[in-house]
>>> print(open('protein-v5.cif').read())   # mmCIF, C-alpha atoms
data_work
loop_
_atom_site.label_atom_id
_atom_site.label_comp_id
_atom_site.auth_asym_id
_atom_site.auth_seq_id
_atom_site.Cartn_x
_atom_site.Cartn_y
_atom_site.Cartn_z
CA MET H 193 0.00 0.00 0.00
CA VAL H 194 2.80 2.40 0.91
CA LEU H 195 4.70 1.54 -2.28
CA GLU H 196 1.54 2.13 -4.31
CA LEU H 197 1.03 5.56 -2.74
CA LEU H 198 4.64 6.50 -3.39
CA SER H 199 4.34 5.29 -6.98
CA ASN H 200 1.17 7.35 -7.53
CA LYS H 201 2.76 10.43 -6.01
CA GLN H 202 5.79 10.08 -8.28
CA LEU H 203 3.45 9.66 -11.25
CA PHE H 204 1.55 12.83 -10.29
CA LYS H 205 4.85 14.65 -9.90
CA ASN H 206 6.02 13.64 -13.37
CA ASP H 207 2.68 14.64 -14.94
CA PHE H 208 2.71 18.00 -13.18
CA LEU H 209 6.27 18.77 -14.25
CA ARG H 210 5.48 17.81 -17.83
CA SER H 211 2.41 20.08 -17.88
CA ALA H 212 4.45 23.05 -16.59
CA ARG H 213 7.76 22.43 -18.40
CA LYS H 214 7.13 24.46 -21.56
CA LEU H 215 5.64 27.40 -19.65
CA VAL H 216 8.58 27.47 -17.23
CA ARG H 217 11.15 27.33 -20.05
CA ILE H 218 9.57 30.21 -21.97
CA CYS H 219 9.27 32.29 -18.80
CA GLN H 220 12.94 31.61 -18.02
CA LEU H 221 13.83 32.79 -21.53
CA PHE H 222 12.33 36.22 -20.79
CA GLY H 223 13.53 36.37 -17.19
CA THR H 224 10.12 35.98 -15.52
CA VAL H 225 11.10 32.72 -13.78
CA PRO H 226 14.51 32.13 -12.09
CA TRP H 227 16.91 29.96 -14.03
CA TYR H 228 17.88 28.00 -10.90
CA LEU H 229 14.27 26.97 -10.24
CA ASP H 230 13.70 23.23 -9.86
CA LEU H 231 10.05 22.51 -9.05
CA LEU H 232 9.47 19.75 -6.50
CA GLY H 233 13.14 18.79 -6.61
CA GLY H 234 14.56 21.10 -3.99
CA GLY H 235 16.39 23.18 -6.56
CA PHE H 236 20.15 23.44 -7.08
CA HIS H 237 20.56 24.38 -3.42
CA HIS H 238 19.31 20.95 -2.33
CA ARG H 239 21.56 19.21 -4.82
CA GLU H 240 24.42 21.32 -3.59
CA GLN H 241 23.87 20.09 -0.02
CA GLN H 242 23.70 16.51 -1.22
CA GLN H 243 26.65 16.54 -3.56
CA ALA H 244 28.58 19.46 -1.94
CA GLY H 245 31.94 20.74 -3.09
CA LEU H 246 32.08 21.61 -6.76
CA ARG H 247 28.35 22.23 -7.11
CA CYS H 248 28.46 25.43 -5.05
CA TRP H 249 30.21 27.53 -7.70
CA ARG H 250 27.71 26.37 -10.33
CA LEU H 251 24.78 27.63 -8.26
CA TRP H 252 26.32 31.06 -7.74
CA CYS H 253 27.35 31.35 -11.40
CA ILE H 254 23.80 30.58 -12.55
CA LYS H 255 22.35 33.05 -10.04
CA GLY H 256 24.83 35.73 -11.09
CA LEU H 257 24.18 35.22 -14.80
CA ASN H 258 20.42 35.25 -14.21
CA VAL H 259 20.60 38.54 -12.29
CA LEU H 260 22.85 40.05 -14.99
CA TYR H 261 20.43 38.88 -17.69
CA SER H 262 17.50 40.50 -15.88
CA ILE H 263 19.46 43.75 -15.47
CA VAL H 264 20.25 43.78 -19.21
CA ILE H 265 16.56 43.31 -20.11
CA ALA H 266 15.40 46.03 -17.71
CA SER H 267 18.14 48.42 -18.84
CA ALA H 268 17.31 47.88 -22.51
CA ILE H 269 13.62 48.62 -21.94
CA ILE H 270 14.29 51.73 -19.81
CA THR H 271 16.88 53.09 -22.27
CA ALA H 272 14.58 52.52 -25.24
CA THR H 273 11.76 54.25 -23.35
CA VAL H 274 13.90 57.34 -22.70
CA LEU H 275 14.93 57.49 -26.38
CA GLN H 276 11.35 57.03 -27.55
CA HIS H 277 10.11 59.84 -25.32
CA SER H 278 12.88 62.28 -26.22
CA GLU H 279 12.50 61.70 -29.96
CA PHE H 280 8.72 61.58 -30.48
CA ASP H 281 6.61 62.51 -27.48
CA TRP H 282 7.70 66.13 -27.16
CA LYS H 283 5.78 66.94 -30.35
CA MET H 284 2.45 65.81 -28.86
CA PRO H 285 -0.17 67.91 -27.05
CA PHE H 286 0.23 68.17 -23.30
CA MET H 287 -2.63 65.81 -22.38
CA THR H 288 -1.53 63.09 -24.80
CA GLN H 289 2.06 63.48 -23.69
CA MET H 290 1.05 62.95 -20.05
CA LEU H 291 -0.84 59.79 -21.00
CA TYR H 292 2.21 58.41 -22.81
CA ILE H 293 4.42 59.23 -19.83
CA SER H 294 1.95 57.42 -17.56
CA GLU H 295 2.05 54.42 -19.87
CA TYR H 296 5.86 54.38 -19.83
CA ILE H 297 6.01 54.60 -16.04
CA ALA H 298 3.42 51.86 -15.59
CA ALA H 299 5.01 49.54 -18.18
CA ASN H 300 8.53 49.93 -16.78
CA GLY H 301 7.22 49.52 -13.24
CA VAL H 302 5.52 46.25 -14.16
CA VAL H 303 8.67 45.00 -15.90
CA LEU H 304 10.82 45.71 -12.84
CA MET H 305 8.18 44.17 -10.60
CA VAL H 306 8.11 40.91 -12.57
CA LEU H 307 11.88 40.64 -13.07
CA ILE H 308 12.68 41.39 -9.43
CA GLY H 309 9.62 39.69 -7.94
CA CYS H 310 10.33 36.30 -9.49
CA HIS H 311 13.62 36.20 -7.55
CA TYR H 312 12.29 37.82 -4.38
CA GLN H 313 9.36 35.40 -4.18
CA ARG H 314 11.13 32.36 -5.59
CA CYS H 315 10.18 30.25 -2.57
CA PHE H 316 6.51 30.43 -3.62
CA TYR H 317 7.18 28.43 -6.79
CA ARG H 318 8.07 25.32 -4.84
CA LYS H 319 5.47 26.05 -2.15
CA PHE H 320 2.64 26.26 -4.67
CA ALA H 321 3.90 23.23 -6.60
CA GLU H 322 4.04 21.09 -3.46
CA LYS H 323 0.59 22.29 -2.43
CA LEU H 324 -0.88 21.41 -5.82
CA LEU H 325 0.76 17.99 -5.73
CA ALA H 326 -0.56 17.28 -2.21
CA ILE H 327 -4.10 18.26 -3.22
CA THR H 328 -3.82 16.10 -6.34
CA ALA H 329 -2.91 13.08 -4.21
CA SER H 330 -5.77 13.79 -1.78
CA ILE H 331 -8.34 14.06 -4.57
CA ALA H 332 -7.00 10.89 -6.16
CA SER H 333 -7.54 9.05 -2.85
CA CYS H 334 -11.23 10.06 -3.05
CA GLY H 335 -11.64 8.57 -6.51
CA ALA H 336 -10.90 11.46 -8.91
CA ALA H 337 -7.97 12.26 -11.16
CA VAL H 338 -6.59 15.57 -12.38
CA ASP H 339 -6.35 15.82 -16.16
CA PHE H 340 -2.77 17.09 -16.52
CA GLN H 341 -2.90 16.47 -20.27
CA ARG H 342 -5.81 18.89 -20.59
CA ILE H 343 -3.93 21.57 -18.64
CA GLU H 344 -0.81 21.09 -20.74
CA THR H 345 -2.79 21.30 -24.00
CA ILE H 346 -4.69 24.45 -22.97
CA PHE H 347 -1.62 26.38 -21.92
CA ASN H 348 0.46 25.21 -24.87
CA ARG H 349 -2.26 26.60 -27.12
CA LEU H 350 -2.33 29.79 -25.08
CA LEU H 351 1.43 30.21 -25.46
CA LEU H 352 1.14 29.55 -29.20
CA GLY H 353 -1.58 32.19 -29.48
CA VAL H 354 0.57 34.69 -27.56
CA ALA H 355 3.52 33.96 -29.85
CA LEU H 356 1.43 34.46 -33.00
CA PHE H 357 -0.08 37.67 -31.64
CA PHE H 358 3.23 39.27 -30.76
CA GLY H 359 4.68 38.06 -34.06
CA THR H 360 1.92 40.00 -35.83
CA VAL H 361 2.62 43.05 -33.64
CA LEU H 362 6.31 42.93 -34.51
CA ALA H 363 5.56 42.65 -38.25
CA VAL H 364 3.22 45.65 -38.18
CA ASP H 365 5.69 47.62 -36.07
CA PHE H 366 8.50 46.88 -38.52
CA LEU H 367 6.42 48.09 -41.47
CA TYR H 368 5.25 51.19 -39.62
CA ASN H 369 8.84 52.20 -38.85
CA ASP H 370 9.61 52.19 -42.62
CA GLN H 371 11.65 49.02 -42.16
CA SER H 372 14.25 50.98 -40.17
CA PHE H 373 16.03 48.43 -37.97
CA TRP H 374 17.01 50.68 -35.06
CA SER H 375 13.63 52.40 -34.90
CA PHE H 376 12.03 48.96 -34.90
CA VAL H 377 14.33 47.72 -32.10
CA ARG H 378 13.61 50.79 -30.00
CA SER H 379 9.85 50.61 -30.49
CA SER H 380 9.61 46.86 -29.93
CA SER H 381 11.70 47.13 -26.75
CA VAL H 382 9.44 49.83 -25.34
CA TYR H 383 6.11 48.23 -26.18
CA THR H 384 6.40 44.59 -27.25
CA LEU H 385 9.11 43.26 -24.93
CA SER H 386 7.66 44.90 -21.84
CA ASN H 387 4.21 43.50 -22.59
CA ILE H 388 5.58 40.01 -23.25
CA ILE H 389 7.10 40.03 -19.77
CA ASN H 390 3.82 41.27 -18.32
CA VAL H 391 1.75 38.64 -20.13
CA LEU H 392 4.05 35.80 -19.03
CA GLY H 393 3.63 36.91 -15.43
CA LEU H 394 -0.15 36.85 -15.83
CA ILE H 395 -0.07 33.41 -17.48
CA GLN H 396 1.62 32.05 -14.35
CA TYR H 397 -1.27 33.43 -12.31
CA ALA H 398 -3.84 31.95 -14.71
CA TYR H 399 -2.04 28.58 -14.59
CA LEU H 400 -2.39 28.35 -10.80
CA LEU H 401 -6.01 29.47 -10.84
CA TYR H 402 -6.91 26.98 -13.54
CA PHE H 403 -5.54 24.19 -11.35
CA ILE H 404 -7.66 25.45 -8.45
CA TYR H 405 -10.70 25.62 -10.74
CA LEU H 406 -10.22 21.99 -11.80
CA PHE H 407 -9.77 20.92 -8.18
CA TYR H 408 -13.03 22.61 -7.17
CA GLY H 409 -14.71 20.89 -10.11
CA ASP H 410 -13.39 17.49 -8.99
CA VAL H 411 -14.65 18.10 -5.44
CA ASN H 412 -18.12 18.98 -6.74
CA ARG H 413 -18.27 15.98 -9.06
CA LEU H 414 -17.26 13.65 -6.24
CA LEU H 415 -19.90 15.14 -3.95
CA MET H 416 -22.55 14.66 -6.64
CA SER H 417 -21.55 11.04 -7.13
CA TYR H 418 -21.64 10.46 -3.35
CA THR H 419 -25.16 11.86 -3.16
CA VAL H 420 -26.33 9.42 -5.84
CA HIS H 421 -24.69 6.37 -4.23
CA ALA H 422 -25.73 7.32 -0.71
CA SER H 423 -29.33 7.75 -1.86
CA ARG H 424 -29.30 4.30 -3.47
CA ASP H 425 -27.90 2.73 -0.31
CA LYS H 426 -30.62 4.38 1.78
CA HIS H 427 -33.41 3.09 -0.47
CA PHE H 428 -31.79 -0.34 -0.52
CA ARG H 429 -31.79 -0.52 3.30
CA ALA H 430 -35.38 0.73 3.42
CA ARG H 431 -36.44 -2.17 1.19
CA ARG H 432 -34.50 -4.56 3.44
CA ARG H 433 -36.41 -3.34 6.52
CA LEU H 434 -39.73 -3.90 4.74
CA SER H 435 -38.69 -7.44 3.78
CA TYR H 436 -37.05 -8.36 7.08
CA GLU H 437 -38.68 -6.58 9.98
CA THR H 438 -36.24 -8.09 12.43
CA THR H 439 -33.27 -6.40 10.75
CA VAL H 440 -31.67 -3.62 12.85
CA VAL H 441 -29.39 -1.06 11.21
CA THR H 442 -26.19 -0.63 13.19
CA PRO H 443 -22.79 0.89 12.38
CA SER H 444 -21.49 -2.65 11.91
CA ASP H 445 -24.10 -3.41 9.26
CA GLY H 446 -22.97 -3.39 5.63
CA GLY H 447 -25.16 -0.47 4.53
CA ALA H 448 -24.24 1.64 7.55
CA THR H 449 -20.58 1.01 6.98
CA LEU H 450 -20.94 2.41 3.49
CA LEU H 451 -22.55 5.53 4.89
CA TYR H 452 -19.83 5.95 7.46
CA ASP H 453 -17.33 5.67 4.60
CA TYR H 454 -19.21 8.50 2.87
CA ALA H 455 -18.91 10.57 6.04
CA HIS H 456 -15.14 10.09 5.98
CA LEU H 457 -14.95 10.98 2.29
CA VAL H 458 -17.12 14.08 2.74
CA ASP H 459 -14.90 15.20 5.60
CA LEU H 460 -11.83 14.62 3.43
CA LEU H 461 -13.37 16.70 0.64
CA ARG H 462 -14.13 19.40 3.18
CA SER H 463 -10.44 19.49 4.12
CA ILE H 464 -9.49 19.70 0.42
CA HIS H 465 -11.99 22.53 -0.06
CA LEU H 466 -10.44 24.43 2.84
CA GLU H 467 -6.92 23.90 1.44
CA LEU H 468 -8.08 25.21 -1.94
CA ASN H 469 -9.54 28.31 -0.31
CA GLU H 470 -6.27 28.96 1.54
CA LEU H 471 -4.25 28.35 -1.63
CA LEU H 472 -6.49 30.77 -3.56
CA GLU H 473 -5.88 33.49 -0.98
CA GLN H 474 -2.12 32.89 -1.08
CA VAL H 475 -2.04 33.08 -4.89
CA ASN H 476 -4.04 36.32 -4.94
CA ASP H 477 -1.78 37.80 -2.26
CA CYS H 478 1.34 36.77 -4.19
CA PHE H 479 0.14 38.25 -7.51
CA GLY H 480 -1.94 41.09 -6.03
CA VAL H 481 0.47 43.93 -6.74
CA LEU H 482 1.01 42.69 -10.30
CA ILE H 483 -2.75 42.48 -10.89
CA VAL H 484 -3.39 46.01 -9.60
CA SER H 485 -0.49 47.44 -11.62
CA THR H 486 -1.53 45.61 -14.79
CA THR H 487 -5.16 46.69 -14.50
CA THR H 488 -4.16 50.32 -13.91
CA ALA H 489 -1.69 50.31 -16.80
CA SER H 490 -4.22 48.69 -19.12
CA PHE H 491 -6.80 51.35 -18.25
CA VAL H 492 -4.32 54.13 -19.11
CA VAL H 493 -3.29 52.46 -22.37
CA LEU H 494 -6.87 51.76 -23.44
CA SER H 495 -7.77 55.41 -22.84
CA LEU H 496 -4.81 56.48 -24.95
CA GLN H 497 -5.47 54.00 -27.77
CA PHE H 498 -9.18 54.82 -28.08
CA PHE H 499 -8.25 58.49 -28.28
CA ALA H 500 -5.64 57.60 -30.92
CA ILE H 501 -8.34 55.93 -33.02
CA TYR H 502 -10.46 59.09 -32.72
CA SER H 503 -7.49 61.19 -33.84
CA LEU H 504 -6.82 58.90 -36.79
CA THR H 505 -10.42 58.95 -38.00
CA THR H 506 -10.40 62.76 -38.06
CA VAL H 507 -7.32 62.96 -40.31
CA ARG H 508 -8.11 64.53 -43.66
CA GLY H 509 -5.36 63.01 -45.78
CA TRP H 510 -5.18 59.21 -45.26
CA LYS H 511 -1.80 57.52 -45.85
CA VAL H 512 -0.47 53.98 -45.73
CA SER H 513 1.27 54.75 -42.46
CA ASP H 514 -2.11 55.76 -41.00
CA THR H 515 -3.49 52.33 -41.92
CA LEU H 516 -0.58 50.58 -40.24
CA LEU H 517 -0.96 52.79 -37.18
CA LEU H 518 -4.67 51.97 -37.01
CA VAL H 519 -3.95 48.23 -37.17
CA TYR H 520 -1.24 48.62 -34.53
CA THR H 521 -3.63 50.54 -32.28
CA VAL H 522 -6.37 47.92 -32.62
CA LEU H 523 -3.87 45.17 -31.78
CA TRP H 524 -2.86 47.10 -28.67
CA ILE H 525 -6.49 47.46 -27.59
CA VAL H 526 -6.98 43.72 -28.03
CA LEU H 527 -3.82 43.01 -26.02
CA HIS H 528 -4.73 45.13 -23.02
CA GLY H 529 -8.32 43.93 -23.06
CA ALA H 530 -7.01 40.36 -23.08
CA LYS H 531 -4.71 41.11 -20.14
CA VAL H 532 -7.67 42.26 -18.08
CA LEU H 533 -9.60 39.12 -19.08
CA MET H 534 -6.58 36.97 -18.23
CA VAL H 535 -6.90 38.23 -14.67
CA LEU H 536 -10.69 38.25 -14.31
CA TYR H 537 -11.85 35.17 -16.23
CA PRO H 538 -9.84 32.54 -14.25
CA SER H 539 -11.06 34.18 -11.03
CA HIS H 540 -14.61 34.07 -12.37
CA LEU H 541 -14.32 30.35 -13.14
CA VAL H 542 -12.93 29.61 -9.67
CA GLN H 543 -15.61 31.66 -7.92
CA LYS H 544 -18.40 30.07 -9.96
CA GLU H 545 -17.17 26.53 -9.25
CA ARG H 546 -16.60 27.25 -5.56
CA GLU H 547 -20.13 28.56 -5.11
CA ARG H 548 -21.59 25.34 -6.59
CA THR H 549 -20.45 23.32 -3.57
CA GLY H 550 -23.07 24.65 -1.14
CA PRO H 551 -26.16 23.70 -3.20
CA ILE H 552 -24.66 20.26 -3.90
CA LEU H 553 -24.50 19.51 -0.18
CA TYR H 554 -28.28 19.97 0.06
CA HIS H 555 -28.75 16.98 -2.26
CA PHE H 556 -27.54 14.72 0.56
CA ASN H 557 -30.36 13.07 2.51
CA PRO H 558 -28.54 11.07 5.19
CA HIS H 559 -30.14 8.27 7.18
CA GLU H 560 -31.46 9.35 10.57
CA LYS H 561 -29.10 6.95 12.37
CA ASP H 562 -26.04 8.05 10.40
CA THR H 563 -24.89 10.86 12.69
CA ALA H 564 -21.36 10.81 11.29
CA LEU H 565 -22.48 11.81 7.78
CA ALA H 566 -24.89 14.42 9.18
CA ASN H 567 -22.10 15.93 11.29
CA ALA H 568 -19.71 15.94 8.33
CA LEU H 569 -22.29 17.74 6.17
CA MET H 570 -23.02 20.25 8.91
CA LYS H 571 -19.32 20.97 9.38
CA PHE H 572 -18.85 21.37 5.64
CA SER H 573 -21.81 23.78 5.41
CA ASN H 574 -20.54 25.91 8.27
CA GLN H 575 -17.11 26.06 6.64
CA LEU H 576 -18.62 27.30 3.37
CA LEU H 577 -20.24 30.20 5.22
CA HIS H 578 -16.79 31.45 6.22
CA GLU H 579 -15.22 30.77 2.80
CA THR H 580 -17.68 32.86 0.82
CA GLY H 581 -16.54 36.29 -0.23
CA HIS H 582 -15.07 38.25 -3.11
CA GLN H 583 -11.58 37.59 -4.38
CA THR H 584 -9.54 40.75 -4.18
CA ALA H 585 -6.12 41.98 -5.28
CA CYS H 586 -4.44 43.86 -2.42
CA GLY H 587 -7.92 44.65 -1.10
CA LEU H 588 -8.32 47.24 -3.89
CA ILE H 589 -9.88 45.40 -6.83
CA HIS H 590 -12.67 42.83 -6.74
CA LEU H 591 -11.67 40.12 -9.20
CA GLU H 592 -15.07 39.83 -10.86
CA MET H 593 -16.28 40.19 -14.44
CA THR H 594 -18.33 43.21 -13.38
CA LEU H 595 -15.05 45.14 -13.30
CA ILE H 596 -15.20 45.17 -17.12
CA SER H 597 -18.42 47.17 -17.16
CA THR H 598 -16.92 49.59 -14.63
CA MET H 599 -13.85 50.05 -16.81
CA VAL H 600 -15.97 50.57 -19.94
CA GLY H 601 -17.93 53.35 -18.20
CA ALA H 602 -14.75 55.02 -16.95
CA LEU H 603 -13.10 54.72 -20.37
CA THR H 604 -16.09 56.39 -22.01
CA THR H 605 -15.91 59.28 -19.54
CA TYR H 606 -12.18 59.77 -20.02
CA LEU H 607 -12.49 59.54 -23.81
CA VAL H 608 -15.09 62.34 -23.79
CA ILE H 609 -12.79 64.46 -21.61
CA LEU H 610 -9.84 63.88 -23.95
CA ILE H 611 -11.91 64.74 -27.03
CA GLN H 612 -13.13 67.95 -25.40
CA PHE H 613 -9.60 68.86 -24.38
CA ASP H 614 -8.29 68.18 -27.90
CA THR H 615 -11.10 70.23 -29.44
CA ALA H 616 -10.38 73.16 -27.12
CA VAL H 617 -6.67 73.03 -27.97
CA SER H 618 -7.41 72.89 -31.71
CA GLN H 619 -9.80 75.83 -31.50
CA GLY H 620 -7.26 77.81 -29.48
CA GLN H 621 -4.58 77.15 -32.07
CA SER H 622 -6.95 78.13 -34.90
CA ALA H 623 -7.88 81.36 -33.11
CA GLY H 624 -4.22 82.15 -32.53
CA ASN H 625 -3.36 81.59 -36.19
CA SER H 626 -6.28 83.78 -37.29
CA SER H 627 -5.23 86.61 -34.99
CA GLN H 628 -1.65 86.39 -36.28
CA LYS H 629 -2.86 86.58 -39.86
CA GLY H 630 -5.12 89.54 -39.02
CA SER H 631 -2.31 91.46 -37.31
CA SER H 632 0.10 90.82 -40.22
CA GLY H 633 -2.52 92.07 -42.70
CA THR H 634 -3.08 95.24 -40.64
CA GLN H 635 0.64 95.98 -40.61
CA ARG H 636 0.74 95.74 -44.36
#
>>> encode(input="protein-v5.cif", output="structure tokens")
Amino acid sequence: MVLELLSNKQLFKNDFLRSARKLVRICQLFGTVPWYLDLLGGGFHHREQQQAGLRCWRLWCIKGLNVLYSIVIASAIITATVLQHSEFDWKMPFMTQMLYISEYIAANGVVLMVLIGCHYQRCFYRKFAEKLLAITASIASCGAAVDFQRIETIFNRLLLGVALFFGTVLAVDFLYNDQSFWSFVRSSSVYTLSNIINVLGLIQYAYLLYFIYLFYGDVNRLLMSYTVHASRDKHFRARRRLSYETTVVTPSDGGATLLYDYAHLVDLLRSIHLELNELLEQVNDCFGVLIVSTTTASFVVLSLQFFAIYSLTTVRGWKVSDTLLLVYTVLWIVLHGAKVLMVLYPSHLVQKERERTGPILYHFNPHEKDTALANALMKFSNQLLHETGHQTACGLIHLEMTLISTMVGALTTYLVILIQFDTAVSQGQSAGNSSQKGSSGTQR
């Protein structure tokens, strides 16, 4: 039995590592996951303690190179941002210039947060991985299995979609910059590279929440199956009492033993449900600052891009560069809308699946003599009362889909303000030009 449990745990470990391998490698390529990370294996530090001696220098070399690599990425993005601002943004109106400066500050802040945070919070990678593995083993002991292949397929497709999207962005950016290599490098470093780092950080958050969502789904499916089997056992015992009036139901009876097994399984699922709730809070706390920063930055960028579309549609002479800029702007709107959805939709799935547990418990109709199952259900119900509540990021943002409607209303308000400000500036410039022409004509 012990060997079987160890074998299953090793199998779960291998499946989990295989499902996360491609995501971890891509994140390491862009510096959003430490190079020296070794999920569920104790990392290079553990190997160093085991093997000692010559392994120590390898660990410090990898750490040093990783830190240097992160510094190079951050420096390249910051330098490109300064060059972009000094070369182009000074020509813009004051309001638009302030929005671009806000975008630069938010984007660079998020980049530094991700690059530094993945090293500062590196212990959470192993902590979350071990927690997911432990919950997987617990659910498997109740009769369910986590579909690691499904998780791997979904996130491989997501990574492929991200790669195709940013490939399209780079192609449009290259054409818009008149195929100038250095202008393309500067622009892609400011916008594309910084957003790739941001998106990879959000994909890590979505990966953890999708695991939690599947775990909640497994708990609910097991509870539903228990209700069906327990109901059949109860009807079966009722028919036995009608056939054999001398039969007395006791805990040692076969039917009662099955119900007491259900009580143990329900209590085990209650413990898993509590662990999932604690894990969900830890994940939201770990990624809370990133979520708030990303949502704020996306709001600023969306305001700017919608205003850019308005400015483009009011241009009198339409050029090819205007078409490329319009496509580029639409792609940017799609990107930042998708980033907001990448935060809210996994949270919505988790919340929806978690709230299904309470109504499922009411399908149980335990036998009057089965006090163990009744107590387990009562304990589970009381626990759900304390688990209910909104998911939040740093206590500032409720991670619900209703946030989208709030953002749409705020974006509409800000867009109207920007249009009014731009109209007032244009009218002021026209009045100034007219007065200059009138004064020059009077002098003549």
>>> resolve_selection(input="protein-v5.cif", expression="the PyMOL selection byres ((chain H and resi 554) around 12)", output="MDAnalysis selection string")
chainID H and resid 415:416 419 548:553 555:558 566 569:570 572:573
>>> closest_residue(input="protein-v5.cif", among="H:Leu460, H:Ile609, H:Ile589, H:Val493", to="Ala329 in chain H", atoms="all atoms listed in the file")
H:Leu460
>>> residues_around(input="protein-v5.cif", residues="Glu344 in chain H", least_positions_apart="5", cutoff="8 Å", atoms="only C-alpha atoms", output="PyMOL selection string")
chain H and resi 210-212
>>> closest_residue(input="protein-v5.cif", among="H:Thr605, H:Lys531, H:Gly301, H:Leu307", to="Leu221 in chain H", atoms="all atoms listed in the file")
H:Leu307
>>> closest_atom_pairs(input="protein-v5.cif", of="range 509-620 of chain H", to="range 483-489 of chain H", cutoff="8 Å", atoms="all atoms listed in the file", output="Markdown table")
| residue | atom | partner | partner_atom | distance |
| --- | --- | --- | --- | --- |
| H:Lys531 | CA | H:Thr486 | CA | 7.7 |
| H:Val532 | CA | H:Thr487 | CA | 6.2 |
| H:Val535 | CA | H:Ile483 | CA | 7.0 |
| H:Ala585 | CA | H:Val484 | CA | 6.5 |
| H:Cys586 | CA | H:Val484 | CA | 7.6 |
| H:Leu588 | CA | H:Val484 | CA | 7.6 |
| H:Ile589 | CA | H:Val484 | CA | 7.1 |
>>> closest_residue(input="protein-v5.cif", among="H:Cys310, H:Ala299, H:Met534, H:Val382", to="Leu591 in chain H", atoms="only C-alpha atoms")
H:Met534
>>> residues_around(input="protein-v5.cif", residues="Ile297 in chain H", least_positions_apart="4", cutoff="10 Å", atoms="all atoms listed in the file", output="MDAnalysis selection string")
chainID H and resid 270 273 291:293 301:303 489
>>> residues_around(input="protein-v5.cif", residues="His311 in chain H", least_positions_apart="6", cutoff="9 Å", atoms="all atoms listed in the file", output="ChimeraX atom specification")
/H:224-226,259
>>> resolve_selection(input="protein-v5.cif", expression="the PyMOL selection byres ((chain H and resi 351) around 10)", output="list in words")
Lys214, Leu215, Ile218, Thr345, Ile346, Phe347, Asn348, Arg349, Leu350, Leu352, Gly353, Val354, Ala355, Leu356, Phe357, Val391, Leu392 and Ile395 of chain H
>>> closest_residue(input="protein-v5.cif", among="H:Ala564, H:Leu523, H:Leu471, H:Ala398", to="Leu494 in chain H", atoms="all atoms listed in the file")
H:Leu523
>>> resolve_selection(input="protein-v5.cif", expression="the PyMOL selection byres ((chain H and resi 403) around 12)", output="number ranges by chain")
H: 208, 211-212, 320-321, 323-325, 327-328, 338-340, 342-344, 346-347, 396-402, 404-410, 468, 471-472, 475, 538-539, 541-542
>>> axis_aligned_box(input="protein-v5.cif", around="range 339-342 of chain H", padding_each_side="6 Å", output="lines of an AutoDock Vina configuration file")
center_x = -4.6
center_y = 17.4
center_z = -18.4
size_x = 15.6
size_y = 15.1
size_z = 16.4
>>> closest_residue(input="protein-v5.cif", among="H:His590, H:Met287, H:Leu367, H:Lys544", to="Ile611 in chain H", atoms="only C-alpha atoms")
H:Met287
>>> closest_residue(input="protein-v5.cif", among="H:Tyr520, H:Phe376, H:Tyr537, H:Trp249", to="Gln276 in chain H", atoms="only C-alpha atoms")
H:Phe376
>>> residues_around(input="protein-v5.cif", residues="Lys255 in chain H", least_positions_apart="4", cutoff="8 Å", atoms="all atoms listed in the file", output="PyMOL selection string")
chain H and resi 227-228+251+259
>>> write_last_selection(input="protein-v5.cif", atoms="C-alpha atoms", output="compact mmCIF listing (two decimals), in the frame of the given file")
# COMPACT_ATOMS: atom_id res chain seq x y z
CA TRP H 227 16.91 29.96 -14.03
CA TYR H 228 17.88 28.00 -10.90
CA LEU H 251 24.78 27.63 -8.26
CA VAL H 259 20.60 38.54 -12.29
>>> residues_around(input="protein-v5.cif", residues="Ser262 in chain H", least_positions_apart="2", cutoff="10 Å", atoms="all atoms listed in the file", output="list in words")
Phe222, Gly223, Thr224, Pro226, Gly256, Leu257, Asn258, Val259, Leu260, Val264, Ile265, Ala266, Ser267, Ala268, Val303, Leu304, Val306, Leu307 and Ile308 of chain H
>>> atom_distance(input="protein-v5.cif", atom1="CA of Cys334 in chain H", atom2="CA of Glu473 in chain H")
24.1 Å
>>> atom_distance(input="protein-v5.cif", atom1="CA of Ala616 in chain H", atom2="CA of Gly529 in chain H")
29.6 Å
>>> atom_distance(input="protein-v5.cif", atom1="CA of His582 in chain H", atom2="CA of Tyr317 in chain H")
24.6 Å
>>> residues_near_point(input="protein-v5.cif", point="(7.3, 46.7, -24.6)", cutoff="10 Å", atoms="only C-alpha atoms", output="list in words")
Ile269, Ile270, Ala272, Thr273, Tyr296, Ala299, Asn300, Val303, Arg378, Ser379, Ser380, Ser381, Val382, Tyr383, Thr384, Leu385, Ser386, Asn387, Ile388, Ile389 and Asn390 of chain H
